[in-house]
Amino acid sequence: MENLGSGSAEPQVIASGLVGSINSTPIAVRVDSYEAAEKKCISDVRRTFCLFVTFDLLFITLLWIIELNVNGGIQKQLEEEVMHYDYHRSFFDIFLLAVFRFAVLILAYAVCKLRHWWAIAITTLVSCAFLIAKVIISKLLSQGAFGYLLPIISFVLAWIETWLLDFKVLPQEAEEEKRHQSIMDASTRTPLMGPGPLSEGQFYSPPESLADSDEELLGDKHDPEKELVKPGT
C-alpha cells in the first residue's frame with residue numbers, strides 16, 4: 001500500500017510541475033520580448049518621427065539651394081540673403097526656422113526622450129506665427145514660385161510633425177508601456193497562483209483486461225510444478 005501511495009504521489013508532483021511550467025512559459029517569453037524592446041535606444045515609431053524631422057530640414061534646405069541657384073547663382077544669392085539679410089525678400093529665415101524645428105525636436109524627443117507634447121507645441125506655434133507674419137508683411141509672393149512654395153511646405157511639414165507625435169508616437173508608446181506593466185504584474189502573480197496538488201482521481205491505472213486474466217489462468221493450468229504438487233501427497 002505504501003508503494004502504491006508513493007507511486008500515485010510522484011505523477012501528481014510531476015504533472016503539477018509540468019502544468020506550472022506550461023502556464024509560466026508564455027508570460028516569460030513576453031517578459032523577455034519586452035526586456036529586449038527596452039534595450040533599444042529608441043522605439044520604432046519614435047525613430048520614424050525623428051526621420052521625418054530630419055527630412056523636414058533636408059527638404060527645406062534643398063528647396064532653398066534650388067531657389068538660390070535659380071535666382072542668379074548660389075554664391076551671389078548667399079551674399080544677398082545672408083550677408084545683406086532683408087526680412088521682406090530673403091528666404092534665409094525660413095531655412096533657419098527649419099533648423100530651429102530640427103534642433104528642438106531632436107533634442108527633446110531623440111536625446112531627452114520626452115513623452116510630452118510641449119516641445120512640438122512650441123515649434124509648431126513659432127513656425128506658424130513666423131510664416132503667417134512673413135507672408136503678410138514681406139514681399140515673397142512677388143518673387144515667383146518659391147515665394148509660395150517655401151512658406152507653404154514649411155507650414156505643412158510643421159503640422160505633419162505635430163500630428164505624428166500627438167496621434168502616433170505618444171499614444172503607441174503609452175499603450176506599449178501599459179501592456180508591459182500588465183505582463184510584469186501577471187508574471188509576479190504567477191507563482192502565487194500556481195496549480196494545486198492534483199487529486200488521486202485524476203490518476204488511475206486501467207483495469208486488467210480479460211485477455212490478461214485468461215492467459216494467467218492458462219499458464220497456471222499448464223505449470224508443471226503445480227501439477228507435481230497434488231493434495232494428499
# chains A, B, ... in the order shown; residues from 1 in each chain; ligands from 1

call {"tool": "residues_around", "arguments": {"residues": "A:Val156", "least_positions_apart": "4", "cutoff": "12 Å", "atoms": "only C-alpha atoms", "output": "list in words"}}
result
Asp56, Ile60, Ala98, Thr124, Ser127, Cys128, Leu131, Leu149, Leu150, Pro151, Ile152, Ile160, Glu161, Thr162 and Trp163 of chain A

call {"tool": "atom_distance", "arguments": {"atom1": "atom CA of A:Ala110", "atom2": "atom CA of A:Arg46"}}
result
7.7 Å

call {"tool": "residues_around", "arguments": {"residues": "A:Tyr109", "least_positions_apart": "4", "cutoff": "10 Å", "atoms": "only C-alpha atoms", "output": "PDB file with N, CA, C and O atoms, in the first residue's frame"}}
result
ATOM      1  N   ILE A  42      15.719  53.636 -28.833  1.00  0.00           N
ATOM      2  CA  ILE A  42      14.541  54.417 -29.193  1.00  0.00           C
ATOM      3  C   ILE A  42      13.542  53.474 -29.851  1.00  0.00           C
ATOM      4  O   ILE A  42      13.922  52.504 -30.501  1.00  0.00           O
ATOM      5  N   ARG A  46       9.040  56.265 -32.665  1.00  0.00           N
ATOM      6  CA  ARG A  46       9.788  57.497 -32.374  1.00  0.00           C
ATOM      7  C   ARG A  46      10.922  57.688 -33.380  1.00  0.00           C
ATOM      8  O   ARG A  46      11.251  58.817 -33.767  1.00  0.00           O
ATOM      9  N   ARG A  47      11.538  56.591 -33.800  1.00  0.00           N
ATOM     10  CA  ARG A  47      12.587  56.694 -34.811  1.00  0.00           C
ATOM     11  C   ARG A  47      12.007  57.209 -36.135  1.00  0.00           C
ATOM     12  O   ARG A  47      12.647  58.027 -36.822  1.00  0.00           O
ATOM     13  N   PHE A  49       9.459  59.200 -36.416  1.00  0.00           N
ATOM     14  CA  PHE A  49       9.219  60.623 -36.213  1.00  0.00           C
ATOM     15  C   PHE A  49      10.509  61.429 -36.375  1.00  0.00           C
ATOM     16  O   PHE A  49      10.525  62.479 -37.024  1.00  0.00           O
ATOM     17  N   CYS A  50      11.598  60.950 -35.801  1.00  0.00           N
ATOM     18  CA  CYS A  50      12.878  61.653 -35.920  1.00  0.00           C
ATOM     19  C   CYS A  50      13.377  61.681 -37.362  1.00  0.00           C
ATOM     20  O   CYS A  50      13.962  62.679 -37.808  1.00  0.00           O
ATOM     21  N   VAL A 104      15.283  71.561 -31.874  1.00  0.00           N
ATOM     22  CA  VAL A 104      14.437  71.411 -30.691  1.00  0.00           C
ATOM     23  C   VAL A 104      13.823  70.014 -30.620  1.00  0.00           C
ATOM     24  O   VAL A 104      13.831  69.356 -29.564  1.00  0.00           O
ATOM     25  N   LEU A 105      13.307  69.536 -31.744  1.00  0.00           N
ATOM     26  CA  LEU A 105      12.610  68.250 -31.726  1.00  0.00           C
ATOM     27  C   LEU A 105      13.563  67.074 -31.544  1.00  0.00           C
ATOM     28  O   LEU A 105      13.246  66.127 -30.808  1.00  0.00           O
ATOM     29  N   LYS A 113      14.292  62.085 -24.927  1.00  0.00           N
ATOM     30  CA  LYS A 113      13.212  61.095 -24.974  1.00  0.00           C
ATOM     31  C   LYS A 113      11.994  61.541 -24.163  1.00  0.00           C
ATOM     32  O   LYS A 113      11.453  60.799 -23.342  1.00  0.00           O
ATOM     33  N   LEU A 114      11.559  62.767 -24.398  1.00  0.00           N
ATOM     34  CA  LEU A 114      10.380  63.286 -23.714  1.00  0.00           C
ATOM     35  C   LEU A 114       9.128  62.537 -24.157  1.00  0.00           C
ATOM     36  O   LEU A 114       9.038  62.066 -25.281  1.00  0.00           O
ATOM     37  N   ARG A 115       8.159  62.473 -23.243  1.00  0.00           N
ATOM     38  CA  ARG A 115       6.867  61.864 -23.550  1.00  0.00           C
ATOM     39  C   ARG A 115       5.744  62.877 -23.334  1.00  0.00           C
ATOM     40  O   ARG A 115       4.689  62.538 -22.800  1.00  0.00           O
ATOM     41  N   HIS A 116       6.003  64.088 -23.735  1.00  0.00           N
ATOM     42  CA  HIS A 116       5.014  65.161 -23.612  1.00  0.00           C
ATOM     43  C   HIS A 116       5.032  65.975 -24.893  1.00  0.00           C
ATOM     44  O   HIS A 116       6.003  65.968 -25.647  1.00  0.00           O
ATOM     45  N   TRP A 117       3.934  66.699 -25.119  1.00  0.00           N
ATOM     46  CA  TRP A 117       3.764  67.412 -26.380  1.00  0.00           C
ATOM     47  C   TRP A 117       4.224  68.867 -26.314  1.00  0.00           C
ATOM     48  O   TRP A 117       4.076  69.595 -27.297  1.00  0.00           O
ATOM     49  N   ALA A 119       7.144  70.375 -26.378  1.00  0.00           N
ATOM     50  CA  ALA A 119       8.210  70.786 -27.303  1.00  0.00           C
ATOM     51  C   ALA A 119       7.671  70.962 -28.722  1.00  0.00           C
ATOM     52  O   ALA A 119       7.971  71.953 -29.397  1.00  0.00           O
ATOM     53  N   ILE A 120       6.865  70.014 -29.179  1.00  0.00           N
ATOM     54  CA  ILE A 120       6.290  70.130 -30.519  1.00  0.00           C
ATOM     55  C   ILE A 120       5.292  71.276 -30.581  1.00  0.00           C
ATOM     56  O   ILE A 120       5.132  71.926 -31.629  1.00  0.00           O
ATOM     57  N   LEU A 165       3.495  63.080 -33.810  1.00  0.00           N
ATOM     58  CA  LEU A 165       3.834  62.920 -32.397  1.00  0.00           C
ATOM     59  C   LEU A 165       2.580  62.744 -31.540  1.00  0.00           C
ATOM     60  O   LEU A 165       2.539  61.861 -30.676  1.00  0.00           O
TER      61      LEU A 165
END

call {"tool": "closest_residue", "arguments": {"among": "A:Tyr148, A:Trp64, A:Tyr85, A:Trp159", "to": "A:Arg101", "atoms": "only C-alpha atoms"}}
result
A:Trp159
